[in-house]
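Participant: Starting off with a structure, shown below.
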Amino acid sequence: MTAPLIFDPRVRRLRRDRAAAGYAAHDFLHAFMLDGLMDRLAMVRRDFADVLDLGCFDGRLAAPPGARVARLDPGFAFARMAGGVQGAEDALPFADASFDLIVSAGVLDMVNDLPGALALARRVLRPDGLLLAAFAGAGSLSTLRAVLREAEGDRPAARLHPQVDVRAGGDLLQRAGFALPVADSETLTVRYRSLGRLLDDLRGMGASNAMPGRAPLTRATLARAAAGFAARADAQGRTEERFEIIFLTGWAPAPGQPQPAKRGSATTSLAAALKPKS
């Protein structure tokens with residue numbers, strides 16, 4: 001079964017290639033994701049020999065001590081910048097069981113076949129290998145969505161792509177066959193002086209609209225959206241925009257891993273466990 005074409009792969013590659021040269025000025029979201037992923041990795045007490053940086057951008061991910069790192073990016077310019085290879089997340093060019101750690105920050109939200117990409121990630125992991133991923137999820141860019149909807153009136157165009165929420169992220173990990181799946185989220189709030197600065201950041205990180213059939217914003221629509229954005233500003237003239245970051249953690253199945261308790265096997269109710277002791 002072919003995955004629906006939510007994103008135009010060619011346009012997505014072009015967006016990333018155009019962003020690469022000036023990316024350092026717009027990399028705050030990627031840096032926030034990497035910090036969160038490294039915090040989670042720091043809690044894992046084991047060594048990793050072979051690491052895949054999936055969606056490498058400029059290659060900022062630092063390898064664990066002594067590990068070999070392969071880097072892949074859907075854009076040619078980022079792949080070249082990081083010394084990696086260009087490729088699609090849902091068509092990985094690696095053999096099964098090639099890695100014991102995959103780290104992915106900021107790309108899985110723009111993959112046409114996200115279930116397939118996660119299934120492939122599990123396949124290229126060795127038994128008991130770890131996947132750590134982060135991407136912008138549901139709830140992100142709520143201010144931008146609102147001002148564009150208001151600016152376009154009764155027939156708004158699709159300008160911001162669909163987003164995955166935390167619950168769906170956990171379900172996707174299970175569907176892909178990961179053991180001990182965990183999905184959680186963190187919120188990053190950024191204050192902008194203007195709508196133009198926000199749009200510049202989205203272009204600068206290669207995250208602008210890559211959906212097929214996209215229609216350009218007219219000047220009149222953009223002006224109304226900018227006015228709506230400014231109307232939401234605080235006393236300092238700054239408008240809040242929110243990025244909801246979904247973090248996924250999953251392990252490739254292996255013998256001897258801890259297993260979750262079977263549904264209905266508990267011998268004590270939650271109410272009883274929470275009841276104050278007399």
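Labels for the structure tokens follow display order: chains A, B, ..., residues from 1 in each chain, ligands from 1.
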DSSP says alpha helix (DSSP H) for which residues of range 8-255 of chain A? Put them as a ChimeraX atom specification?
Facilitator: /A:9-20,28-42,76-82,114-124,142-152,166-175,195-204,219-231
Participant: Suppose we keep C-alpha atoms; can you now write the selection as a CSV table (one decimal), in the first residue's frame?
Facilitator:
```
chain,number,residue,atom,x,y,z
A,9,PRO,CA,9.7,15.3,-1.6
A,10,ARG,CA,11.3,17.5,-4.3
A,11,VAL,CA,10.1,20.7,-2.7
A,12,ARG,CA,11.1,19.5,0.7
A,13,ARG,CA,14.7,18.8,-0.6
A,14,LEU,CA,14.8,22.3,-2.2
A,15,ARG,CA,13.6,24.0,1.0
A,16,ARG,CA,16.4,22.3,3.0
A,17,ASP,CA,19.0,23.0,0.4
A,18,ARG,CA,18.1,26.7,0.4
A,19,ALA,CA,18.1,26.8,4.2
A,20,ALA,CA,21.5,25.2,4.7
A,28,PHE,CA,17.2,27.2,17.9
A,29,LEU,CA,14.4,24.6,17.5
A,30,HIS,CA,16.8,21.8,16.4
A,31,ALA,CA,19.1,22.8,19.3
A,32,PHE,CA,16.2,22.5,21.8
A,33,MET,CA,15.3,19.1,20.5
A,34,LEU,CA,18.9,17.8,20.6
A,35,ASP,CA,19.2,19.0,24.2
A,36,GLY,CA,16.1,17.1,25.2
A,37,LEU,CA,17.3,14.0,23.4
A,38,MET,CA,20.8,14.2,25.0
A,39,ASP,CA,19.1,14.5,28.4
A,40,ARG,CA,17.2,11.3,27.7
A,41,LEU,CA,20.3,9.6,26.4
A,42,ALA,CA,22.2,10.5,29.5
A,76,PHE,CA,21.8,17.3,-0.4
A,77,ALA,CA,23.3,20.5,1.1
A,78,PHE,CA,22.9,19.4,4.7
A,79,ALA,CA,24.2,15.9,3.9
A,80,ARG,CA,27.3,17.3,2.3
A,81,MET,CA,27.8,19.8,5.1
A,82,ALA,CA,27.7,17.1,7.7
A,114,LEU,CA,5.9,8.0,9.1
A,115,PRO,CA,4.8,4.5,10.2
A,116,GLY,CA,7.1,3.1,7.5
A,117,ALA,CA,10.0,5.3,8.6
A,118,LEU,CA,9.7,4.1,12.2
A,119,ALA,CA,9.4,0.5,11.0
A,120,LEU,CA,12.6,0.9,9.0
A,121,ALA,CA,14.3,2.5,11.9
A,122,ARG,CA,13.5,-0.5,14.0
A,123,ARG,CA,14.9,-2.8,11.3
A,124,VAL,CA,18.2,-1.1,11.0
A,142,SER,CA,-1.0,27.9,17.0
A,143,THR,CA,-0.7,31.6,16.7
A,144,LEU,CA,0.3,31.4,13.0
A,145,ARG,CA,-2.6,29.1,12.3
A,146,ALA,CA,-5.0,31.5,13.9
A,147,VAL,CA,-3.9,34.6,12.1
A,148,LEU,CA,-3.8,32.9,8.7
A,149,ARG,CA,-7.3,31.5,9.3
A,150,GLU,CA,-8.6,34.9,10.2
A,151,ALA,CA,-6.7,36.6,7.3
A,152,GLU,CA,-8.2,34.2,4.7
A,166,VAL,CA,1.7,12.6,21.9
A,167,ARG,CA,-0.8,9.8,22.0
A,168,ALA,CA,-0.4,9.1,18.2
A,169,GLY,CA,3.3,9.1,18.6
A,170,GLY,CA,3.2,6.3,21.2
A,171,ASP,CA,0.8,4.3,19.1
A,172,LEU,CA,3.1,4.7,16.1
A,173,LEU,CA,6.0,3.3,18.1
A,174,GLN,CA,4.0,0.3,19.1
A,175,ARG,CA,2.8,-0.2,15.5
A,195,LEU,CA,5.1,37.8,11.7
A,196,GLY,CA,7.9,38.3,9.2
A,197,ARG,CA,10.5,37.2,11.7
A,198,LEU,CA,8.6,34.0,12.4
A,199,LEU,CA,8.2,33.3,8.7
A,200,ASP,CA,11.9,33.9,8.3
A,201,ASP,CA,12.7,31.4,11.0
A,202,LEU,CA,10.5,28.8,9.4
A,203,ARG,CA,12.2,29.3,6.0
A,204,GLY,CA,15.6,29.4,7.6
A,219,ARG,CA,0.0,40.5,-0.3
A,220,ALA,CA,-3.4,41.4,1.0
A,221,THR,CA,-3.7,38.2,3.0
A,222,LEU,CA,-0.1,38.5,4.3
A,223,ALA,CA,-0.8,42.1,5.4
A,224,ARG,CA,-4.0,41.0,7.3
A,225,ALA,CA,-2.1,38.1,8.9
A,226,ALA,CA,0.7,40.5,10.0
A,227,ALA,CA,-1.9,42.9,11.5
A,228,GLY,CA,-3.5,40.0,13.4
A,229,PHE,CA,-0.1,38.8,14.6
A,230,ALA,CA,0.7,42.3,15.8
A,231,ALA,CA,-2.7,42.7,17.5
```
Participant: Show me, as JSON, numbers by chain, the residues that have an atom within 6 Å of Pro74 in chain A when counting only C-alpha atoms, minus same-chain residues fewer than 5 positions from it.
Facilitator: {"A": [86, 87, 88]}
Participant: So that I can check the secondary structure, give me every residue of range 156-257 of chain A assigned strand (DSSP E or B) by backbone DSSP, as a list in words.
Facilitator: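 Filtering range 156-257 of chain A to strand (DSSP E or B) leaves Ala179, Leu180, Pro181, Val182, Ala183, Asp184, Ser185, Glu186, Thr187, Leu188, Thr189, Val190, Arg191, Tyr192, Thr239, Glu240, Glu241, Arg242, Phe243, Glu244, Ile245, Ile246, Phe247, Leu248, Thr249, Gly250 and Trp251 of chain A.
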Participant: Figure out the distance between CA of Ile102 in chain A and CA of Leu61 in chain A, please, to one decimal in Å.
Facilitator: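 Between CA of Leu61 in chain A and CA of Ile102 in chain A the gap works out to 11.2 Å.
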Participant: Mind pulling up the distance from CA of Asp53 in chain A to CA of Ala70 in chain A?
Facilitator: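 Between CA of Ala70 in chain A and CA of Asp53 in chain A the gap is 6.1 Å.
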Participant: State, in Å with one decimal place, the distance from CA of Arg242 in chain A to CA of Val190 in chain A.
Facilitator: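 A separation of 6.4 Å between them.
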Participant: In terms of the shortest atom-to-atom distance over only C-alpha atoms, which of A:Ser194, A:Ser140, A:Thr249, A:Ser208 is closest to Leu101 in chain A?
Facilitator: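 Of A:Ser194, A:Ser140, A:Thr249, A:Ser208, the one nearest Leu101 in chain A is A:Thr249, counting only C-alpha atoms.
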